[in-house]
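Engineer: This is the structure, below, for whatever I ask next.
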Protein chains: 2
Amino acid sequence: MPDSLNNLLTALKPQFADRLLTSDAAREHHGSGESHLTPAWPDAIVMVQSTEEVSDVLAACTCYGVPVIPFGAGSSIEGQIHAPHGGISLDMSAMHAILSVQDTDMDCTVQCGVTRQALNEHLRVTGLFFPVELGAHATLGGIAATRASGTTTVRYGSMRDLVLGMTIVMPDGEIIKTGGRARKSSAGYDLTRLFIGSEGTLGVITELNLRLFGVPEATQTAMCSFATIEDATQTVVMALQCGLSLNRIELADRLQMQAINRYSKTDLPESPTLWVELTGAPATVENDMEVFEGLAETASRFDRATTAEDASRLWRVRHDALYASRALRPGIKGISTDVCVPISQLPAIISEIQDVIATTSIQAPLVGHVGDGNFHLVLLYDPENQDEAQEARHINTQLVEMALKMGGTCTGEHGVGLGKKAYLTAEHGPALGVMRRIRNALDPDNIMNPGKIFDL
Amino acid sequence: MPDSLNNLLTALKPQFADRLLTSDAAREHHGSGESHLTPAWPDAIVMVQSTEEVSDVLAACTCYGVPVIPFGAGSSIEGQIHAPHGGISLDMSAMHAILSVQDTDMDCTVQCGVTRQALNEHLRVTGLFFPVELGAHATLGGIAATRASGTTTVRYGSMRDLVLGMTIVMPDGEIIKTGGRARKSSAGYDLTRLFIGSEGTLGVITELNLRLFGVPEATQTAMCSFATIEDATQTVVMALQCGLSLNRIELADRLQMQAINRYSKTDLPESPTLWVELTGAPATVENDMEVFEGLAETASRFDRATTAEDASRLWRVRHDALYASRALRPGIKGISTDVCVPISQLPAIISEIQDVIATTSIQAPLVGHVGDGNFHLVLLYDPENQDEAQEARHINTQLVEMALKMGGTCTGEHGVGLGKKAYLTAEHGPALGVMRRIRNALDPDNIMNPGKIFDL
């Protein structure tokens, strides 16, 4: 253990006592997360309970030149919580207080360690809810740091759009507030948006002011099957242009549907499928679902849920899609791709990548947030098998290259971490140099999650 | 004329010839705009026609250490286009090409000098439109640089939410692209949002990818009067919580209604008034207007437009509100305040500031984008009269202090420029130091619109 780390731990011990962990079990838990990447353990973990404690730890880490890696629920999948240069994992899961809810203003203030599930549970009596909905059991601080989004982006926008302001601790321990509680502001640089998606490389998000929304009165759900991905996409494009009250609109491909039938013991058509959910006033969703059914004229089958149980049954198979995929090759975790392209390019990119996949031995079922042009292939490969690993990497790289050519991005919602670093030069060109200058200016000692997003 | 400027002009002359202007008429036009502030002329104007020309001018300005002030339509009202340190006004009004419209993806790419009116004119045949709607005849580059918004923010968000990506020229002439055409991305820092609202202090926006929307099928308009601002606000809060398909919801106070009646020769109730516009499918807006009328139970009068002419008559008086205000004191331009607060605080802040105004000789009619908590008082004062000028400044300062205490902002949509600089320390505290470090890192020679937003 180098002197600097030793001195840091000696300095932190009196304050944090048994909240300073160095056991292998704690280090392993904080150094692998849900990523497919090789784990990289931190040297120690500090369990913080307040913004002031975060400030103390960061000031000490700057003083001793030791890296800090913010940690929420450990659900990131691109290695954001890995510690490739060692250092301190700053565990903020105990910062889970919901500080205030202002129902008239439809906003709330929470600590970073609150999960969206816990927030919505708390909000239930108010008739309000926070709309970001993603598969992971993530913390709101982590969702912001990753600029994550999920299934309801088509209606409410991503985390980027739903944060009004934040409390942030800078690398030297200084505590700043960005934004505020006003719905909009033109007062200077948008630091809120700069820290959203910065993956802990510029500072640590400790509190968030979030927008809330009224729970819609009514919901309409349907599931429909198409002969081709193109027919499904075309239906979505028309629905978007009509401004239908879409809340979620999800796509699965033929292989995914085969996986679902096997896993969920269903008998659904094994062809490209859309799930659609409309929310709003009863008259609106009733009308919009009729319009949608009319737009989906190429659908070979259209199942409209007539009861809440029906709807929940339709969505259950979508929610279980990841498990269904993994069940195609039991014991194999698979890695998830995450490109996002202009929606018109979806049929082309899916067809092109399926041609590439067909030349390999990899199975790769697809689900997508089709209203955003974002989709995930689960590449099922055995990491012990070098040939398969090589094929999976090849598919991933080919896919990103296609997406960038189409004006898209290598990551729609999972972030860069360690896993997508290789693609940022191609995606951003000289703009990456501007990001580098900002990082150097705000974290001159390079202690904040070093090695993530890009190298200095 | 200092040597550095002389040398710069000599260097630019061969390339720009008669597009390099130094006449007093041109300097005056480019150094006053629509601001109430004392004009500050640039030394010269360069009329650029392309991103590459912007790059050439910026590289030359960096080389000779001469300030550059980006100029679009000159509609900014806080002195954003003033040249307090002299230098070059970079006039981009000739960069008004609409480069492409992708109707399937509902996005487009435009040069910075395109106005929103010109874009919407161009889009008419496509059934799509760009939703930012503000009073000024501004360029889209200027709207982005100011992070402006207007009346439709309650539905579509502000300029911040509607830009997918941009081409930006950095102070040394380097051309970068931020964002892209994907609906969302988690690939690194959100440079797009950093440049939106940076008022030309970090670089020059030359092209924008913008989101477009389908023109709604149907519209419902109403105008309703209330005994108090509180009753009006309470109605809006309930409408927001119900998720009604609000497109615009605007407020005027008693004095503004008196001004309107005088100016527009109408006989409207002289009490707090709401204009509401709902857009969407016919069934939706029909239903939502009925719900809204039910929510507005405290309204003393509720006029629902039954024809398009009716609706346009109701909106005309709202559009003419600024002229009606000015007509209260002919020859006096007035300055517009711009605070934005959480909507629950609107009745309190309006009541408190009206108490302050009552102690002065100033008339100050009010209009507001009430769904966002943003409102404008037009402070009618004679700048030649020192007492009045002092009173107007006092009102403005008091108002900002109240807004900040309530978690609001000194500027909802007009930006900082020179006019709001004094309030940024109080609003941002140590976060202003973070903005300063970013600016130093990206514009180390301080040539980009120096003296604006904050001093270095």
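We name chains A, B, ... following the order of the structure tokens; residues begin at 1 in each chain, and ligands are numbered from 1 as shown.
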Which residues are near range 278-290 of chain A? Cut-off 8 Å, only C-alpha atoms, ignore same chain within fewer than 6 positions. Put them as an mmCIF file with C-alpha atoms, in the first residue's frame.
Structural biologist:
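Below is the file out_22.cif, written as the result:
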```cif
data_model
loop_
_atom_site.group_PDB
_atom_site.id
_atom_site.type_symbol
_atom_site.label_atom_id
_atom_site.label_comp_id
_atom_site.auth_asym_id
_atom_site.auth_seq_id
_atom_site.Cartn_x
_atom_site.Cartn_y
_atom_site.Cartn_z
ATOM 1 C CA PRO A 216 -52.047 10.146 -15.434
ATOM 2 C CA GLU A 217 -55.671 9.289 -14.990
ATOM 3 C CA ALA A 218 -55.867 6.554 -17.585
ATOM 4 C CA THR A 219 -53.660 4.100 -19.455
ATOM 5 C CA GLN A 220 -54.118 2.128 -22.666
ATOM 6 C CA THR A 221 -51.805 -0.722 -23.556
ATOM 7 C CA LEU A 244 -50.051 10.708 -29.686
ATOM 8 C CA SER A 245 -49.839 10.545 -25.904
ATOM 9 C CA LEU A 246 -47.154 7.835 -25.964
ATOM 10 C CA ASN A 247 -45.718 6.948 -22.591
ATOM 11 C CA ARG A 248 -43.655 3.945 -23.644
ATOM 12 C CA GLY B 243 -51.464 17.117 -17.228
ATOM 13 C CA ALA B 281 -56.180 15.827 -31.122
ATOM 14 C CA ALA B 283 -61.129 14.930 -28.730
ATOM 15 C CA THR B 284 -58.252 15.709 -26.372
ATOM 16 C CA ASN B 287 -62.107 17.281 -23.222
#
```
Engineer: What lies within 8 Å of Ala148 in chain B using only C-alpha atoms, ignoring chain neighbours under 3 positions off, as a ChimeraX atom specification?
Structural biologist: /A:186 /B:143-145,158-159,197,412-415
Engineer: One decimal, in Å: what's the spacing between CA of Cys63 in chain B and CA of Gly433 in chain A?
Structural biologist: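 Going from CA of Cys63 in chain B over to CA of Gly433 in chain A, I get 20.3 Å.
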Engineer: List the neighbours of Ala348 in chain B out to 12 Å using only C-alpha atoms; skip same-chain residues closer than 5 positions along the sequence, and give me the result as a PyMOL selection string.
Structural biologist: chain B and resi 228-230+233+341-343+353-355+373+399+402-403+405-406
Engineer: Next, write the just-selected residues to a file, as a CSV table (one decimal), in the first residue's frame, keeping all heavy atoms as the atom set.
Structural biologist:
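Saved result, part_29.csv, follows:
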```csv
chain,number,residue,atom,x,y,z
B,228,THR,N,-58.3,37.7,-8.1
B,228,THR,CA,-56.9,37.8,-7.6
B,228,THR,C,-56.0,37.0,-8.4
B,228,THR,O,-56.3,36.0,-9.1
B,228,THR,CB,-56.8,37.3,-6.1
B,228,THR,OG1,-57.1,35.9,-6.1
B,228,THR,CG2,-57.8,38.0,-5.2
B,229,ILE,N,-54.7,37.4,-8.4
B,229,ILE,CA,-53.6,36.7,-9.0
B,229,ILE,C,-53.6,35.3,-8.4
B,229,ILE,O,-53.3,34.3,-9.1
B,229,ILE,CB,-52.2,37.4,-8.7
B,229,ILE,CG1,-52.2,38.8,-9.4
B,229,ILE,CG2,-51.1,36.5,-9.1
B,229,ILE,CD1,-51.7,38.8,-10.8
B,230,GLU,N,-53.8,35.2,-7.1
B,230,GLU,CA,-53.8,33.9,-6.4
B,230,GLU,C,-54.8,32.9,-7.0
B,230,GLU,O,-54.5,31.7,-7.3
B,230,GLU,CB,-54.0,34.1,-4.9
B,230,GLU,CG,-53.7,32.8,-4.1
B,230,GLU,CD,-53.1,33.2,-2.8
B,230,GLU,OE1,-53.3,34.4,-2.4
B,230,GLU,OE2,-52.5,32.3,-2.2
B,233,THR,N,-53.4,31.8,-10.4
B,233,THR,CA,-52.3,30.9,-10.2
B,233,THR,C,-52.8,29.5,-9.8
B,233,THR,O,-52.3,28.5,-10.3
B,233,THR,CB,-51.3,31.4,-9.2
B,233,THR,OG1,-50.9,32.7,-9.6
B,233,THR,CG2,-50.1,30.5,-9.1
B,341,VAL,N,-39.7,32.1,-10.7
B,341,VAL,CA,-39.8,31.5,-9.3
B,341,VAL,C,-40.6,30.2,-9.4
B,341,VAL,O,-41.4,30.0,-10.4
B,341,VAL,CB,-40.4,32.5,-8.3
B,341,VAL,CG1,-39.6,33.7,-8.1
B,341,VAL,CG2,-41.8,32.9,-8.7
B,342,PRO,N,-40.5,29.4,-8.4
B,342,PRO,CA,-41.4,28.2,-8.3
B,342,PRO,C,-42.9,28.8,-8.3
B,342,PRO,O,-43.2,29.8,-7.7
B,342,PRO,CB,-41.1,27.6,-6.9
B,342,PRO,CG,-39.7,28.0,-6.7
B,342,PRO,CD,-39.6,29.4,-7.3
B,343,ILE,N,-43.7,28.1,-9.1
B,343,ILE,CA,-45.1,28.7,-9.4
B,343,ILE,C,-45.8,29.0,-8.1
B,343,ILE,O,-46.6,30.0,-8.0
B,343,ILE,CB,-45.8,27.8,-10.3
B,343,ILE,CG1,-47.1,28.4,-10.8
B,343,ILE,CG2,-46.1,26.4,-9.7
B,343,ILE,CD1,-47.7,27.7,-12.0
B,353,ILE,N,-43.9,42.7,-4.7
B,353,ILE,CA,-43.2,43.7,-5.5
B,353,ILE,C,-44.2,44.9,-5.8
B,353,ILE,O,-43.9,46.0,-6.0
B,353,ILE,CB,-42.7,43.1,-6.8
B,353,ILE,CG1,-41.7,44.1,-7.4
B,353,ILE,CG2,-43.7,42.7,-7.8
B,353,ILE,CD1,-40.4,44.4,-6.6
B,354,GLN,N,-45.5,44.5,-5.9
B,354,GLN,CA,-46.5,45.6,-6.1
B,354,GLN,C,-46.6,46.5,-4.9
B,354,GLN,O,-46.8,47.8,-5.0
B,354,GLN,CB,-47.9,45.0,-6.4
B,354,GLN,CG,-47.9,44.6,-7.9
B,354,GLN,CD,-49.1,43.9,-8.4
B,354,GLN,OE1,-49.9,43.4,-7.6
B,354,GLN,NE2,-49.4,43.9,-9.7
B,355,ASP,N,-46.3,46.0,-3.7
B,355,ASP,CA,-46.2,46.9,-2.5
B,355,ASP,C,-45.0,47.9,-2.7
B,355,ASP,O,-45.1,49.0,-2.3
B,355,ASP,CB,-46.0,46.1,-1.2
B,355,ASP,CG,-47.3,45.4,-0.8
B,355,ASP,OD1,-48.4,45.7,-1.4
B,355,ASP,OD2,-47.3,44.5,0.0
B,373,GLY,N,-43.7,30.0,-14.1
B,373,GLY,CA,-43.3,30.9,-13.0
B,373,GLY,C,-42.5,32.1,-13.4
B,373,GLY,O,-41.8,32.7,-12.5
B,399,LEU,N,-36.9,43.1,-6.6
B,399,LEU,CA,-37.5,41.9,-7.2
B,399,LEU,C,-36.6,40.7,-7.3
B,399,LEU,O,-37.0,39.6,-7.0
B,399,LEU,CB,-38.0,42.3,-8.6
B,399,LEU,CG,-38.8,41.3,-9.4
B,399,LEU,CD1,-40.1,40.9,-8.7
B,399,LEU,CD2,-39.1,41.7,-10.8
B,402,MET,N,-36.1,39.1,-3.9
B,402,MET,CA,-37.2,38.3,-3.5
B,402,MET,C,-37.2,37.0,-4.3
B,402,MET,O,-37.4,35.9,-3.6
B,402,MET,CB,-38.6,39.0,-3.9
B,402,MET,CG,-38.9,40.3,-3.1
B,402,MET,SD,-40.3,41.1,-3.9
B,402,MET,CE,-40.2,42.7,-3.1
B,403,ALA,N,-36.9,37.0,-5.5
B,403,ALA,CA,-36.9,35.8,-6.3
B,403,ALA,C,-35.9,34.8,-5.8
B,403,ALA,O,-36.1,33.6,-5.7
B,403,ALA,CB,-36.7,36.1,-7.8
B,405,LYS,N,-34.6,34.6,-2.9
B,405,LYS,CA,-35.0,34.0,-1.6
B,405,LYS,C,-36.0,32.9,-1.7
B,405,LYS,O,-36.1,32.0,-0.9
B,405,LYS,CB,-35.7,35.1,-0.7
B,405,LYS,CG,-34.8,35.7,0.3
B,405,LYS,CD,-35.5,36.6,1.3
B,405,LYS,CE,-34.6,37.8,1.7
B,405,LYS,NZ,-35.3,39.1,1.8
B,406,MET,N,-36.8,32.9,-2.8
B,406,MET,CA,-37.8,31.9,-3.1
B,406,MET,C,-37.3,30.7,-3.9
B,406,MET,O,-38.1,29.9,-4.3
B,406,MET,CB,-39.0,32.5,-3.8
B,406,MET,CG,-39.7,33.6,-3.0
B,406,MET,SD,-40.9,34.5,-4.0
B,406,MET,CE,-41.7,35.5,-2.7
```
Engineer: Identify all residues of range 369-444 of chain B in alpha helix (DSSP H) (DSSP on the backbone) and supply them as a count of residues only.
Structural biologist: 37
